[in-house]
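Down below is the structure, laid out as structure tokens.
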Amino acid sequence: MYESIKGKVSYLTPEYAVLDVMGVGYKVYIPVNLFTTIIKEGIDCQLFTSLVVREDDMRLFGFISRKDRELFELLTSISGIGAKTATTIIGHMSLEELHQAIETKNIPLLCKIPGIGKKSAERLIVELTGRLKPDTSIKITKPIHHELMSDATLALIRLGYNQKVAETAIKKAMESVKEPNIGLPHLITCALKNI
């Protein structure tokens, strides 16, 4: 229904962004990596969208590239993987990283994604082996602190904080700490001060 939406980001959370398009605010659910590295309030942004319709709900999911949207639609075609889980996977792994994890059957790495346990990881491997086609001609640069932030967020979730609270605290900690090589324990300590 909607190929893409382009507008000013008027409101932003780790879960969704509101894009203002000529006075109409579109609530678009996003992967967390967009919140932590790319999208900021007040900027103009284009998101490639996928409309998910359920019996009692309609939600618009947005991605920074068509490839991420295609991956989302592939993931949601797998039994047991809903839109929220698919968005979480995309928010924590690039297409290239997911392809490598699937092809090498790296279950421990897949289980680092919040909400993915051993059975879900095994299902992903069975369903996606040979189906992911990363564009090797394009070098996608991974944000320098992306893995560190993912590990810190997972640590806070294991301490009992919900994902949204953990992600917001980690983002604030990364913005406040000026050290280029911050370690995981220090980052977690700083994040706890923001909760």
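Chain labels A, B, ... are given in the sequence in which chains occur in the structure tokens; within each chain residues are numbered consecutively from 1, and ligands are likewise numbered from 1 in the order shown.
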| Excluding same-chain residues fewer than 2 positions from range 27-30 of chain A, what lies within 10 Å of it counting only C-alpha atoms, as a PyMOL selection string? | chain A and resi 5+11-20+24-25+32-35+39+47+49-51+59-64+83-84+87-88+90-91
| field | Polymer residues at most 9 Å from Thr129 in chain A, only C-alpha atoms, same-chain spacing of 6 or more positions, as a ChimeraX atom specification | value | /A:99,102-103,105
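The gap separating CA of Ile188 in chain A from CA of Glu97 in chain A is 24.3 Å, in Å to one decimal.
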| message | Quick check for you: according to DSSP on this backbone, which residues of range 66-142 of chain A are classed as alpha helix (DSSP H)? Reply as a PyMOL selection string. | response | chain A and resi 66-75+83-92+95-103+107-110+118-128
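The two atoms in question, CA of Cys190 in chain A and CA of Cys111 in chain A, are spaced 25.1 Å apart.
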| query | Gly23 in chain A: which residues within 12 Å, counting only C-alpha atoms, same-chain residues fewer than 5 positions away excluded, as a ChimeraX atom specification? | reply | /A:7-10,18
Kindly save the residues from that selection, with C-alpha atoms included, as a short mmCIF file (atom, residue, chain, number, x, y, z; two decimals), in the first residue's frame.
data_model
loop_
_atom_site.label_atom_id
_atom_site.label_comp_id
_atom_site.auth_asym_id
_atom_site.auth_seq_id
_atom_site.Cartn_x
_atom_site.Cartn_y
_atom_site.Cartn_z
CA GLY A 7 8.94 13.57 6.04
CA LYS A 8 10.34 15.32 9.09
CA VAL A 9 10.86 13.22 12.22
CA SER A 10 8.61 14.97 14.74
CA VAL A 18 6.51 9.78 13.79
#
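Distances from A:Gly130, A:Gln100, A:Gly80, A:Lys164 to Ile116 in chain A were compared using only C-alpha atoms, and the smallest one belongs to A:Gly80.
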| request: May I have the residues within 10 Å of Glu122 in chain A as a list in words, using only C-alpha atoms and disregarding those fewer than 3 positions away in the same chain? | output: Ile102, Lys105, Asn106, Ile107, Leu110, Cys111, Ile116, Gly117, Lys118, Lys119, Ile125, Val126, Glu127 and Leu128 of chain A
Dump as a CSV table (one decimal), in the first residue's frame, selection limited to C-alpha atoms:
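Output file result-v2.csv follows:
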chain,number,residue,atom,x,y,z
A,102,ILE,CA,22.8,-18.5,9.0
A,105,LYS,CA,24.8,-22.1,11.7
A,106,ASN,CA,26.0,-19.8,14.4
A,107,ILE,CA,23.3,-20.4,17.0
A,110,LEU,CA,21.7,-15.6,16.8
A,111,CYS,CA,20.7,-16.1,20.4
A,116,ILE,CA,15.6,-15.2,20.0
A,117,GLY,CA,16.2,-18.5,21.9
A,118,LYS,CA,17.8,-21.7,20.7
A,119,LYS,CA,14.6,-23.1,19.0
A,125,ILE,CA,18.7,-21.5,10.1
A,126,VAL,CA,16.4,-24.1,8.6
A,127,GLU,CA,14.1,-21.5,6.9
A,128,LEU,CA,16.8,-19.1,5.7
